[in-house]
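For reference, the structure is listed below as structure tokens.
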Amino acid sequence: MTPMPYIADSRSVLDAVDLIAAHGEEAALFASIRADRSRDIGNHVRFCHWRQIERLIVLLGTDHAPGTVQ
């Protein structure tokens, strides 16, 4: 199960939408690459941002409701 993403603001959703529009099914991979690049240069804030975007993209690509649905 993919962890639920933390969505800090509308910019996070826009970043996810932009990656999906540009890269389709590989959008999560590109978010992961951006997260790794940010980590490598020591930018932990952007690392966390892109890791959450990766999780959001994966969540948006599922065809079922996450968590408990009553």
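Here, A, B, ... name the chains of the structure tokens in the order displayed, residue numbers run from 1 inside each chain, and ligands are numbered from 1 in the same displayed order.
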Could you pull out the helix (DSSP H, G or I) residues of chain A from DSSP and send them as a PyMOL selection string? chain A and resi 10-40+44-60
Output of the above residues as a PDB file, in the first residue's frame, restricted to C-alpha atoms:
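So the final result, stored in out23.pdb, reads:
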ATOM      1  CA  SER A  10      -2.282  23.741  -4.390  1.00  0.00           C
ATOM      2  CA  ARG A  11       1.206  24.012  -5.906  1.00  0.00           C
ATOM      3  CA  SER A  12       1.760  20.364  -4.989  1.00  0.00           C
ATOM      4  CA  VAL A  13      -1.269  19.289  -7.004  1.00  0.00           C
ATOM      5  CA  LEU A  14      -0.204  21.480  -9.923  1.00  0.00           C
ATOM      6  CA  ASP A  15       3.268  19.894  -9.893  1.00  0.00           C
ATOM      7  CA  ALA A  16       1.667  16.443 -10.030  1.00  0.00           C
ATOM      8  CA  VAL A  17      -0.659  17.462 -12.864  1.00  0.00           C
ATOM      9  CA  ASP A  18       2.239  18.988 -14.817  1.00  0.00           C
ATOM     10  CA  LEU A  19       4.307  15.806 -14.520  1.00  0.00           C
ATOM     11  CA  ILE A  20       1.350  13.635 -15.532  1.00  0.00           C
ATOM     12  CA  ALA A  21       0.690  15.858 -18.558  1.00  0.00           C
ATOM     13  CA  ALA A  22       4.340  15.796 -19.612  1.00  0.00           C
ATOM     14  CA  HIS A  23       5.226  12.164 -18.850  1.00  0.00           C
ATOM     15  CA  GLY A  24       1.997  10.178 -18.625  1.00  0.00           C
ATOM     16  CA  GLU A  25       2.381   6.819 -16.894  1.00  0.00           C
ATOM     17  CA  GLU A  26       6.037   7.542 -16.089  1.00  0.00           C
ATOM     18  CA  ALA A  27       5.223  10.711 -14.122  1.00  0.00           C
ATOM     19  CA  ALA A  28       5.886   9.066 -10.742  1.00  0.00           C
ATOM     20  CA  LEU A  29       9.327   8.013 -11.977  1.00  0.00           C
ATOM     21  CA  PHE A  30      10.151  11.601 -12.922  1.00  0.00           C
ATOM     22  CA  ALA A  31       8.981  12.831  -9.515  1.00  0.00           C
ATOM     23  CA  SER A  32      11.265  10.231  -7.936  1.00  0.00           C
ATOM     24  CA  ILE A  33      14.182  11.423 -10.050  1.00  0.00           C
ATOM     25  CA  ARG A  34      13.567  15.002  -8.936  1.00  0.00           C
ATOM     26  CA  ALA A  35      13.390  13.875  -5.303  1.00  0.00           C
ATOM     27  CA  ASP A  36      16.677  11.981  -5.622  1.00  0.00           C
ATOM     28  CA  ARG A  37      18.350  14.970  -7.279  1.00  0.00           C
ATOM     29  CA  SER A  38      17.184  17.261  -4.476  1.00  0.00           C
ATOM     30  CA  ARG A  39      18.445  14.822  -1.841  1.00  0.00           C
ATOM     31  CA  ASP A  40      21.810  14.557  -3.592  1.00  0.00           C
ATOM     32  CA  HIS A  44      15.735  18.158   2.080  1.00  0.00           C
ATOM     33  CA  VAL A  45      12.691  20.406   1.700  1.00  0.00           C
ATOM     34  CA  ARG A  46      12.477  19.839  -2.064  1.00  0.00           C
ATOM     35  CA  PHE A  47      13.306  16.148  -1.553  1.00  0.00           C
ATOM     36  CA  CYS A  48      10.249  15.789   0.698  1.00  0.00           C
ATOM     37  CA  HIS A  49       8.129  17.809  -1.729  1.00  0.00           C
ATOM     38  CA  TRP A  50       8.950  15.608  -4.719  1.00  0.00           C
ATOM     39  CA  ARG A  51       8.593  12.386  -2.733  1.00  0.00           C
ATOM     40  CA  GLN A  52       5.071  13.476  -1.757  1.00  0.00           C
ATOM     41  CA  ILE A  53       4.334  14.367  -5.375  1.00  0.00           C
ATOM     42  CA  GLU A  54       5.446  10.872  -6.368  1.00  0.00           C
ATOM     43  CA  ARG A  55       3.021   9.384  -3.815  1.00  0.00           C
ATOM     44  CA  LEU A  56       0.222  11.666  -5.026  1.00  0.00           C
ATOM     45  CA  ILE A  57       0.749  10.606  -8.647  1.00  0.00           C
ATOM     46  CA  VAL A  58       0.623   6.929  -7.682  1.00  0.00           C
ATOM     47  CA  LEU A  59      -2.554   7.560  -5.686  1.00  0.00           C
ATOM     48  CA  LEU A  60      -4.174   9.414  -8.600  1.00  0.00           C
TER      49      LEU A  60
END
